[in-house]
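Enquirer: So I've got this file, work.cif, and it contains mmCIF, C-alpha atoms:
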```cif
data_run
loop_
_atom_site.label_atom_id
_atom_site.label_comp_id
_atom_site.auth_asym_id
_atom_site.auth_seq_id
_atom_site.Cartn_x
_atom_site.Cartn_y
_atom_site.Cartn_z
CA MET C 1 -34.50 19.63 -21.53
CA PRO C 2 -30.90 20.16 -22.75
CA SER C 3 -30.51 20.83 -26.43
CA GLN C 4 -29.13 18.30 -28.85
CA ARG C 5 -25.86 20.23 -29.09
CA ASP C 6 -25.41 20.32 -25.30
CA VAL C 7 -25.92 16.56 -25.01
CA LYS C 8 -23.52 15.94 -27.90
CA ASN C 9 -20.86 18.04 -26.15
CA ARG C 10 -21.35 15.99 -22.98
CA ILE C 11 -20.93 12.76 -24.95
CA ASN C 12 -17.68 14.01 -26.47
CA SER C 13 -16.38 15.02 -23.02
CA VAL C 14 -17.18 11.62 -21.54
CA LYS C 15 -15.55 9.86 -24.51
CA ASN C 16 -12.35 11.85 -23.95
CA ILE C 17 -12.35 10.89 -20.28
CA GLN C 18 -12.95 7.26 -21.24
CA LYS C 19 -9.87 7.31 -23.50
CA ILE C 20 -7.77 8.56 -20.59
CA THR C 21 -9.08 5.97 -18.13
CA ARG C 22 -8.53 3.15 -20.62
CA ALA C 23 -4.97 4.30 -21.25
CA MET C 24 -4.30 4.49 -17.49
CA GLU C 25 -5.78 1.02 -17.06
CA MET C 26 -3.43 -0.42 -19.69
CA VAL C 27 -0.39 1.30 -18.16
CA ALA C 28 -1.32 0.07 -14.67
CA ALA C 29 -1.80 -3.47 -15.99
CA ALA C 30 1.67 -3.49 -17.58
CA ARG C 31 3.29 -2.14 -14.40
CA LEU C 32 1.34 -4.62 -12.29
CA ARG C 33 2.84 -7.56 -14.17
CA ARG C 34 6.35 -6.32 -13.46
CA ALA C 35 5.48 -5.68 -9.81
CA GLU C 36 4.06 -9.21 -9.46
CA GLN C 37 7.33 -10.60 -10.82
CA ARG C 38 9.27 -8.64 -8.20
CA ILE C 39 7.04 -9.99 -5.43
CA THR C 40 7.42 -13.56 -6.67
CA ALA C 41 11.20 -13.20 -6.63
CA LEU C 42 11.34 -11.36 -3.29
CA ARG C 43 9.04 -13.40 -1.06
CA PRO C 44 11.24 -16.56 -0.85
CA TYR C 45 14.28 -14.43 -0.02
CA ALA C 46 12.43 -12.48 2.68
CA GLN C 47 11.14 -15.72 4.18
CA ALA C 48 14.64 -17.22 4.17
CA VAL C 49 16.08 -14.17 5.95
CA ARG C 50 13.33 -14.46 8.53
CA ARG C 51 14.04 -18.15 9.16
CA MET C 52 17.79 -17.56 9.38
CA THR C 53 17.35 -14.69 11.81
CA ARG C 54 15.02 -16.67 14.04
CA GLN C 55 17.32 -19.69 13.98
CA ALA C 56 20.34 -17.56 14.90
CA ALA C 57 18.39 -15.84 17.69
CA ARG C 58 17.31 -19.22 19.06
CA ASP C 59 20.86 -20.59 19.02
CA ALA C 60 22.34 -17.40 20.49
CA GLY C 61 20.10 -17.78 23.54
CA ALA C 62 20.47 -15.14 26.22
CA GLU C 63 23.23 -13.41 24.27
CA ALA C 64 20.66 -12.39 21.65
CA MET C 65 18.66 -10.36 24.18
CA ARG C 66 21.68 -8.12 24.74
CA MET C 67 21.40 -6.74 21.22
CA PRO C 68 19.65 -3.34 21.17
CA LEU C 69 17.27 -4.29 18.36
CA LEU C 70 16.21 -7.52 20.08
CA ARG C 71 15.89 -6.10 23.58
CA GLU C 72 12.58 -4.61 24.63
CA HIS C 73 12.58 -1.25 26.36
CA ASP C 74 11.47 -1.00 29.97
CA SER C 75 8.44 1.09 28.98
CA GLU C 76 6.67 1.92 25.74
CA ARG C 77 6.05 5.64 25.78
CA ARG C 78 6.70 6.50 22.11
CA VAL C 79 5.55 4.20 19.31
CA GLY C 80 6.65 4.80 15.73
CA LEU C 81 4.01 4.32 13.02
CA LEU C 82 5.31 3.81 9.50
CA LEU C 83 2.56 4.23 6.89
CA ILE C 84 3.35 3.02 3.38
CA THR C 85 1.21 4.68 0.70
CA GLY C 86 1.48 5.67 -2.96
CA ASP C 87 2.77 8.83 -4.56
CA ARG C 88 -0.36 9.19 -6.69
CA GLY C 89 -4.10 8.77 -6.39
CA LEU C 90 -6.82 7.55 -8.76
CA ALA C 91 -6.67 4.13 -7.11
CA GLY C 92 -9.94 3.94 -5.23
CA GLY C 93 -9.53 3.62 -1.47
CA PHE C 94 -5.99 2.22 -1.65
CA ASN C 95 -4.26 5.11 0.14
CA SER C 96 -7.15 6.18 2.37
CA GLN C 97 -7.56 2.76 3.99
CA VAL C 98 -3.93 2.75 5.14
CA ILE C 99 -4.27 6.28 6.49
CA ARG C 100 -7.51 5.42 8.33
CA ALA C 101 -5.83 2.37 9.83
CA GLY C 102 -2.94 4.53 11.03
CA VAL C 103 -5.32 7.05 12.60
CA ARG C 104 -7.15 4.23 14.42
CA VAL C 105 -3.87 2.83 15.76
CA ALA C 106 -2.82 6.32 16.89
CA ALA C 107 -6.13 6.71 18.73
CA GLU C 108 -5.60 3.36 20.46
CA LEU C 109 -2.10 4.42 21.51
CA SER C 110 -3.40 7.72 22.87
CA GLU C 111 -5.96 5.87 24.97
CA GLN C 112 -3.09 3.79 26.36
CA ARG C 113 -1.21 7.03 27.15
CA ARG C 114 1.40 6.33 24.52
CA GLU C 115 2.63 8.89 22.03
CA PRO C 116 2.48 7.98 18.31
CA VAL C 117 5.45 9.11 16.23
CA TRP C 118 4.58 9.39 12.55
CA TYR C 119 6.61 8.20 9.59
CA ALA C 120 5.20 7.93 6.06
CA THR C 121 6.30 6.93 2.59
CA GLY C 122 4.49 8.20 -0.51
CA ARG C 123 3.19 11.69 -1.22
CA ARG C 124 -0.39 10.71 -0.41
CA GLY C 125 0.50 9.50 3.05
CA VAL C 126 2.79 12.45 3.79
CA SER C 127 0.23 15.05 2.69
CA SER C 128 -2.68 13.34 4.48
CA VAL C 129 -0.84 12.97 7.79
CA SER C 130 0.30 16.60 7.62
CA PHE C 131 -3.21 17.76 6.69
CA ARG C 132 -4.60 16.08 9.81
CA GLY C 133 -2.23 18.15 11.92
CA TYR C 134 0.22 15.40 12.89
CA GLU C 135 3.94 16.10 12.91
CA LEU C 136 6.02 13.79 10.72
CA SER C 137 9.35 12.58 12.07
CA GLY C 138 10.21 11.06 8.69
CA SER C 139 8.77 11.50 5.20
CA TYR C 140 9.94 9.61 2.12
CA THR C 141 8.56 10.27 -1.36
CA GLY C 142 9.34 9.76 -5.02
CA PHE C 143 9.85 5.99 -5.15
CA ALA C 144 6.44 4.45 -4.36
CA ASP C 145 5.89 3.18 -7.92
CA ARG C 146 9.20 1.35 -8.14
CA PRO C 147 10.97 1.17 -4.78
CA ALA C 148 14.64 0.22 -4.63
CA TYR C 149 16.41 -1.55 -1.80
CA ALA C 150 18.35 1.66 -1.08
CA ASP C 151 15.04 3.40 -0.35
CA ALA C 152 14.12 0.74 2.21
CA ARG C 153 17.59 1.05 3.75
CA ALA C 154 17.19 4.81 4.19
CA VAL C 155 13.87 4.31 6.01
CA ALA C 156 15.30 1.46 8.10
CA ASP C 157 18.32 3.54 9.16
CA ASP C 158 16.08 6.26 10.61
CA LEU C 159 13.89 3.78 12.46
CA ILE C 160 16.84 1.78 13.81
CA SER C 161 18.57 4.97 14.98
CA GLY C 162 15.41 6.13 16.71
CA TYR C 163 14.97 2.80 18.49
CA VAL C 164 18.61 2.42 19.53
CA ASP C 165 18.80 6.05 20.76
CA GLY C 166 15.67 5.58 22.85
CA GLU C 167 13.51 7.98 20.83
CA LEU C 168 11.21 5.08 19.89
CA ASP C 169 10.13 2.23 22.14
CA ARG C 170 8.31 0.29 19.44
CA VAL C 171 7.86 0.55 15.68
CA GLU C 172 4.81 -0.65 13.78
CA LEU C 173 4.40 -0.99 10.03
CA ILE C 174 1.05 -0.41 8.26
CA TYR C 175 0.73 -1.13 4.55
CA ASN C 176 -1.40 -2.81 1.87
CA SER C 177 -0.31 -6.38 1.27
CA TYR C 178 -0.93 -7.62 -2.27
CA VAL C 179 -3.35 -10.52 -2.76
CA SER C 180 -4.77 -9.89 -6.22
CA PRO C 181 -5.61 -6.92 -8.46
CA LEU C 182 -9.00 -6.80 -6.73
CA THR C 183 -7.82 -7.40 -3.16
CA GLN C 184 -5.28 -5.53 -1.05
CA ASN C 185 -5.36 -6.25 2.68
CA VAL C 186 -4.33 -3.63 5.21
CA THR C 187 -1.55 -5.26 7.25
CA ARG C 188 -0.19 -4.17 10.61
CA GLU C 189 3.13 -5.60 11.73
CA THR C 190 5.45 -4.97 14.65
CA LEU C 191 8.86 -4.16 13.23
CA LEU C 192 10.80 -3.30 16.40
CA PRO C 193 11.71 -4.73 18.83
CA ILE C 194 12.37 -7.82 16.79
CA SER C 195 11.62 -10.00 19.80
CA GLN C 196 7.96 -9.03 19.28
CA ALA C 197 8.14 -9.65 15.54
CA SER C 198 7.96 -13.45 15.90
CA ILE C 199 11.59 -14.15 14.99
CA SER C 200 13.08 -14.80 18.42
CA GLY C 201 12.08 -18.44 18.34
CA GLN C 202 8.89 -18.04 20.37
CA GLU C 203 6.53 -18.46 17.38
CA GLU C 204 6.71 -20.54 14.25
CA ASP C 205 6.92 -18.95 10.85
CA GLU C 206 3.51 -19.08 9.19
CA ASP C 207 5.20 -19.63 5.81
CA GLU C 208 6.75 -22.91 6.85
CA SER C 209 5.08 -26.19 6.02
CA PRO C 210 4.54 -28.90 8.68
CA GLU C 211 7.47 -30.84 7.23
CA GLN C 212 9.76 -27.83 7.69
CA GLN C 213 8.58 -27.44 11.28
CA GLY C 214 9.76 -30.96 12.15
CA PRO C 215 13.27 -32.01 13.16
CA GLN C 216 15.92 -29.78 11.64
CA ALA C 217 19.56 -30.41 10.81
CA LEU C 218 22.21 -29.25 13.25
CA VAL C 219 23.60 -25.84 12.26
CA ASN C 220 27.24 -24.97 12.86
CA TYR C 221 28.07 -21.24 12.95
CA GLU C 222 31.35 -19.70 11.86
CA PRO C 223 31.67 -17.13 13.34
CA GLY C 224 29.32 -17.62 16.30
CA PRO C 225 25.55 -17.05 16.17
CA GLU C 226 25.90 -13.73 18.03
CA GLU C 227 28.12 -12.21 15.34
CA ILE C 228 25.94 -13.57 12.56
CA LEU C 229 22.84 -12.24 14.30
CA GLN C 230 24.37 -8.77 14.45
CA ARG C 231 24.65 -8.85 10.67
CA LEU C 232 21.25 -10.43 10.06
CA VAL C 233 19.12 -8.19 12.23
CA PRO C 234 19.63 -4.95 10.24
CA ASP C 235 19.13 -6.94 7.03
CA TYR C 236 15.88 -8.29 8.44
CA ILE C 237 14.59 -4.77 9.17
CA GLU C 238 15.57 -3.59 5.69
CA ILE C 239 14.08 -6.56 3.86
CA SER C 240 10.85 -6.28 5.88
CA ILE C 241 10.43 -2.65 4.84
CA TYR C 242 11.45 -3.40 1.25
CA ARG C 243 8.94 -6.21 1.02
CA ALA C 244 6.20 -3.93 2.33
CA LEU C 245 7.16 -1.29 -0.26
CA VAL C 246 7.06 -3.83 -3.10
CA GLU C 247 3.77 -5.28 -1.88
CA SER C 248 2.31 -1.78 -1.66
CA ALA C 249 3.51 -0.89 -5.17
CA ALA C 250 1.86 -3.98 -6.65
CA GLY C 251 -1.30 -3.32 -4.67
CA PHE C 252 -1.40 0.27 -5.94
CA PHE C 253 -1.19 -0.78 -9.58
CA GLY C 254 -3.85 -3.43 -9.02
CA ALA C 255 -6.14 -0.93 -7.31
CA GLN C 256 -5.53 1.67 -10.00
CA MET C 257 -6.18 -0.81 -12.80
CA THR C 258 -9.45 -1.84 -11.15
CA ALA C 259 -10.49 1.78 -10.51
CA MET C 260 -9.76 2.84 -14.08
CA ARG C 261 -11.62 -0.18 -15.46
CA ASN C 262 -14.66 0.75 -13.36
CA ALA C 263 -14.34 4.35 -14.51
CA SER C 264 -14.25 3.25 -18.16
CA ASP C 265 -17.33 1.07 -17.65
CA ASN C 266 -19.17 3.93 -15.96
CA ALA C 267 -18.19 6.24 -18.80
CA GLY C 268 -19.65 3.74 -21.25
CA GLU C 269 -22.91 3.72 -19.33
CA LEU C 270 -22.97 7.52 -19.33
CA ILE C 271 -22.37 7.59 -23.08
CA THR C 272 -25.28 5.20 -23.61
CA SER C 273 -27.51 7.31 -21.37
CA PHE C 274 -26.52 10.57 -23.08
CA THR C 275 -27.00 9.00 -26.51
CA LEU C 276 -30.57 8.06 -25.60
CA GLN C 277 -31.10 11.56 -24.26
CA MET C 278 -29.72 13.06 -27.49
CA ASN C 279 -32.04 10.84 -29.56
CA ARG C 280 -35.00 11.99 -27.49
CA ALA C 281 -33.96 15.60 -28.00
CA ARG C 282 -33.65 15.02 -31.74
CA GLN C 283 -37.08 13.38 -31.85
CA ALA C 284 -38.53 16.25 -29.86
CA GLU C 285 -37.07 18.77 -32.30
CA ILE C 286 -38.40 16.82 -35.30
CA THR C 287 -41.82 16.55 -33.70
CA GLN C 288 -41.82 20.26 -32.96
CA GLU C 289 -40.90 21.07 -36.57
CA ILE C 290 -43.66 18.80 -37.90
CA MET C 291 -46.18 20.46 -35.60
CA GLU C 292 -45.09 23.87 -36.80
CA VAL C 293 -45.41 22.81 -40.45
CA VAL C 294 -48.87 21.36 -39.82
CA ALA C 295 -49.95 24.47 -37.94
CA GLY C 296 -48.67 26.65 -40.78
CA ALA C 297 -50.49 24.56 -43.38
CA GLU C 298 -53.73 24.78 -41.42
CA GLY C 299 -53.30 28.55 -41.15
CA ILE C 300 -52.97 28.90 -44.91
CA GLN C 301 -56.21 27.01 -45.57
#
```
Is it possible to give me this structure as structure tokens?

Expert:
Amino acid sequence: MPSQRDVKNRINSVKNIQKITRAMEMVAAARLRRAEQRITALRPYAQAVRRMTRQAARDAGAEAMRMPLLREHDSERRVGLLLITGDRGLAGGFNSQVIRAGVRVAAELSEQRREPVWYATGRRGVSSVSFRGYELSGSYTGFADRPAYADARAVADDLISGYVDGELDRVELIYNSYVSPLTQNVTRETLLPISQASISGQEEDEDESPEQQGPQALVNYEPGPEEILQRLVPDYIEISIYRALVESAAGFFGAQMTAMRNASDNAGELITSFTLQMNRARQAEITQEIMEVVAGAEGIQ
């Protein structure tokens, strides 16, 4: 049985760890509130851009299919996979579930004789993909906690260039969408070609209510819908990536807050267990001393 001093040292170590996890939980909770505010402000704008792009593509008709980002390639040989992860860990399975999803998608593509092309944001995603032996065509780090629109634009520029130049035939986005601090859903979306991303007028926006899906007012374009669509399409790609980055940031803070709270609770249980063990050790030492005193007294008689 460990001595009373050893158990006391363990209790002190666990208490120090508990202080750290509680501090990290409080920091994550404060950052989560700010991230939730950003999501609340961003989602209506992203939905509006999506509706405008789909409306312009519908009104442009056949002219829209001439745009490189709307036109599907004749074959899909190379598929870009953009994984959005965090720069840091200590958030449970937040990063690993995105990476596992990306590996599964890559395996599916390989079975279909298609080559996955890897892109990743966040140090965790970049290091994990590289560790598995995959070559990264694009890595972006240092902004996972608080992404800016310029960061999304830099990622979008590389993906758009790859698709327009024929290096990519399709681009898919894999990230954690934020639901609540306890729930982050792994989401897989087709980013390019946009005709497969449900904005070409073939599918209704899931964010629209039945009233919005009814008769709509006539829209007059100045300039024409083709010119407006040329401006909207890159914005749509950028805002889609930016929204995924913001959703992932909020999900990370929620997952980290939950993980640190669980760690603090587990530390409390360990402290209780070690305290009982220390009390038993103390009682054992007292009992041993009493037995020695009694034995000594009997020896004197």

Enquirer: Given all atoms listed in the file as the basis, pick out the residue of C:Arg124, C:Arg43, C:Lys8, C:Arg71 nearest to Val98 of chain C.

Expert: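 Distance minimum relative to Val98 of chain C lands on C:Arg124.
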
Enquirer: What do you get, as a PyMOL selection string, if you spell out every residue that the PyMOL selection byres ((chain C and resi 22) around 10) selects here?

Expert: chain C and resi 17-21+23-28+257+260-265

Enquirer: Can I get the residues of segment 232-271 of chain C within 12 Å of segment 30-38 of chain C, each with the closest pair of atoms and their distance in Å to one decimal, using only C-alpha atoms, sorted chain first then ascending number, as JSON lines?

Expert:
```
{"residue": "C:Tyr242", "atom": "CA", "partner": "C:Arg38", "partner_atom": "CA", "distance": 11.0}
{"residue": "C:Arg243", "atom": "CA", "partner": "C:Arg38", "partner_atom": "CA", "distance": 9.5}
{"residue": "C:Ala244", "atom": "CA", "partner": "C:Arg38", "partner_atom": "CA", "distance": 11.9}
{"residue": "C:Leu245", "atom": "CA", "partner": "C:Ala35", "partner_atom": "CA", "distance": 10.6}
{"residue": "C:Val246", "atom": "CA", "partner": "C:Ala35", "partner_atom": "CA", "distance": 7.1}
{"residue": "C:Glu247", "atom": "CA", "partner": "C:Ala35", "partner_atom": "CA", "distance": 8.1}
{"residue": "C:Ser248", "atom": "CA", "partner": "C:Ala35", "partner_atom": "CA", "distance": 9.6}
{"residue": "C:Ala249", "atom": "CA", "partner": "C:Ala35", "partner_atom": "CA", "distance": 7.0}
{"residue": "C:Ala250", "atom": "CA", "partner": "C:Ala35", "partner_atom": "CA", "distance": 5.1}
{"residue": "C:Gly251", "atom": "CA", "partner": "C:Leu32", "partner_atom": "CA", "distance": 8.2}
{"residue": "C:Phe252", "atom": "CA", "partner": "C:Leu32", "partner_atom": "CA", "distance": 8.5}
{"residue": "C:Phe253", "atom": "CA", "partner": "C:Leu32", "partner_atom": "CA", "distance": 5.3}
{"residue": "C:Gly254", "atom": "CA", "partner": "C:Leu32", "partner_atom": "CA", "distance": 6.2}
{"residue": "C:Ala255", "atom": "CA", "partner": "C:Leu32", "partner_atom": "CA", "distance": 9.7}
{"residue": "C:Gln256", "atom": "CA", "partner": "C:Leu32", "partner_atom": "CA", "distance": 9.6}
{"residue": "C:Met257", "atom": "CA", "partner": "C:Leu32", "partner_atom": "CA", "distance": 8.4}
{"residue": "C:Thr258", "atom": "CA", "partner": "C:Leu32", "partner_atom": "CA", "distance": 11.2}
```

Enquirer: Exactly which residues make up the result of the PyMOL selection byres ((chain C and resi 143-159) around 6) on this file, given as a PyMOL selection string?

Expert: chain C and resi 86-87+122+141-142+160-162+238+241-242+249

Enquirer: Between atom CA of Val126 of chain C and atom CA of Asn95 of chain C, what is the spacing in Å?

Expert: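 According to the coordinates, atom CA of Asn95 of chain C and atom CA of Val126 of chain C are separated by 10.8 Å.
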
Enquirer: Any idea what the distance is between atom CA of Ala106 of chain C and atom CA of Tyr236 of chain C?

Expert: 25.2 Å

Enquirer: List, as a list in words, every residue that the PyMOL selection byres ((chain C and resi 185) around 10) selects in the file provided.

Expert: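 Output of the PyMOL selection byres ((chain C and resi 185) around 10): Phe94, Gln97, Val98, Tyr175, Asn176, Ser177, Tyr178, Val179, Ser180, Thr183, Gln184, Val186, Thr187, Arg188, Ser248 and Gly251 of chain C.
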
Enquirer: So, with only C-alpha atoms as the atoms that count, which of C:Leu82, C:Ala56, C:Ile11, C:Leu229 lies closest to Tyr119 of chain C?

Expert: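 Going through C:Leu82, C:Ala56, C:Ile11, C:Leu229 one by one, the smallest distance to Tyr119 of chain C is for C:Leu82.
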
Enquirer: Provide the atom CA of Glu298 of chain C to atom CA of Glu285 of chain C distance in Å, to one decimal place.

Expert: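 According to the coordinates, atom CA of Glu298 of chain C and atom CA of Glu285 of chain C are separated by 19.9 Å.
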
Enquirer: Could you name the residues that touch Glu189 of chain C at 7 Å or less, counting only C-alpha atoms, but leaving out those on the same chain fewer than 3 positions away, as a ChimeraX atom specification?

Expert: /C:172-174

Enquirer: As lines of an AutoDock Vina configuration file, please: the centre and edge lengths in Å, to one decimal, of an axis-aligned box enclosing every listed atom of segment 236-251 of chain C with 5 Å added on each side.

Expert:
```
center_x = 7.3
center_y = -4.6
center_z = 1.3
size_x = 27.2
size_y = 17.4
size_z = 25.8
```

Enquirer: Would you pick out the contacts of Ser127 of chain C at 12 Å or less, using all atoms listed in the file, so that residues sharing its chain but fewer than 3 positions from it are not included, and give the list as a list of chain:residue names?

Expert: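 Final neighbour list, sorted by chain and number: C:Leu83, C:Thr85, C:Gly86, C:Asp87, C:Arg88, C:Gly89, C:Asn95, C:Ser96, C:Ile99, C:Tyr119, C:Ala120, C:Thr121, C:Gly122, C:Arg123, C:Arg124, C:Ser130, C:Phe131, C:Arg132, C:Gly133, C:Tyr134, C:Glu135, C:Leu136, C:Ser139, C:Tyr140, C:Thr141.
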
Enquirer: My structure is short of atoms at segment 97-114 of chain C; please model N, CA, C and O atoms there, returning them as a compact mmCIF listing (two decimals), in the coordinates of the input.

Expert:
```txt
# COMPACT_ATOMS: atom_id res chain seq x y z
N GLN C 97 -7.36 3.81 3.00
CA GLN C 97 -7.56 2.76 3.99
C GLN C 97 -6.33 2.57 4.87
O GLN C 97 -6.45 2.25 6.05
N VAL C 98 -5.14 2.80 4.32
CA VAL C 98 -3.93 2.75 5.14
C VAL C 98 -3.91 3.92 6.12
O VAL C 98 -3.57 3.77 7.31
N ILE C 99 -4.28 5.10 5.63
CA ILE C 99 -4.27 6.28 6.49
C ILE C 99 -5.29 6.13 7.61
O ILE C 99 -5.02 6.45 8.77
N ARG C 100 -6.49 5.63 7.28
CA ARG C 100 -7.51 5.42 8.33
C ARG C 100 -7.04 4.41 9.36
O ARG C 100 -7.27 4.58 10.56
N ALA C 101 -6.35 3.36 8.89
CA ALA C 101 -5.83 2.37 9.83
C ALA C 101 -4.79 3.00 10.76
O ALA C 101 -4.77 2.73 11.96
N GLY C 102 -3.93 3.85 10.20
CA GLY C 102 -2.94 4.53 11.03
C GLY C 102 -3.57 5.45 12.06
O GLY C 102 -3.12 5.51 13.21
N VAL C 103 -4.63 6.16 11.66
CA VAL C 103 -5.32 7.05 12.60
C VAL C 103 -5.97 6.24 13.72
O VAL C 103 -5.96 6.65 14.90
N ARG C 104 -6.54 5.09 13.39
CA ARG C 104 -7.15 4.23 14.42
C ARG C 104 -6.09 3.74 15.40
O ARG C 104 -6.32 3.73 16.63
N VAL C 105 -4.94 3.30 14.87
CA VAL C 105 -3.87 2.83 15.76
C VAL C 105 -3.39 3.97 16.66
O VAL C 105 -3.14 3.77 17.85
N ALA C 106 -3.25 5.17 16.09
CA ALA C 106 -2.82 6.32 16.89
C ALA C 106 -3.83 6.62 18.00
O ALA C 106 -3.44 6.97 19.13
N ALA C 107 -5.12 6.48 17.70
CA ALA C 107 -6.13 6.71 18.73
C ALA C 107 -6.03 5.67 19.84
O ALA C 107 -6.16 6.00 21.03
N GLU C 108 -5.78 4.41 19.45
CA GLU C 108 -5.60 3.36 20.46
C GLU C 108 -4.39 3.66 21.34
O GLU C 108 -4.44 3.47 22.57
N LEU C 109 -3.31 4.10 20.73
CA LEU C 109 -2.10 4.42 21.51
C LEU C 109 -2.36 5.58 22.46
O LEU C 109 -1.87 5.57 23.61
N SER C 110 -3.11 6.57 22.01
CA SER C 110 -3.40 7.72 22.87
C SER C 110 -4.24 7.30 24.07
O SER C 110 -4.02 7.80 25.19
N GLU C 111 -5.17 6.37 23.85
CA GLU C 111 -5.96 5.87 24.97
C GLU C 111 -5.10 5.13 25.98
O GLU C 111 -5.40 5.11 27.18
N GLN C 112 -4.01 4.50 25.48
CA GLN C 112 -3.09 3.79 26.36
C GLN C 112 -2.00 4.70 26.92
O GLN C 112 -1.04 4.24 27.51
N ARG C 113 -2.16 6.02 26.69
CA ARG C 113 -1.21 7.03 27.15
C ARG C 113 0.18 6.80 26.54
O ARG C 113 1.20 6.95 27.21
N ARG C 114 0.16 6.47 25.27
CA ARG C 114 1.40 6.33 24.52
C ARG C 114 1.38 7.33 23.37
O ARG C 114 0.34 7.61 22.80
```
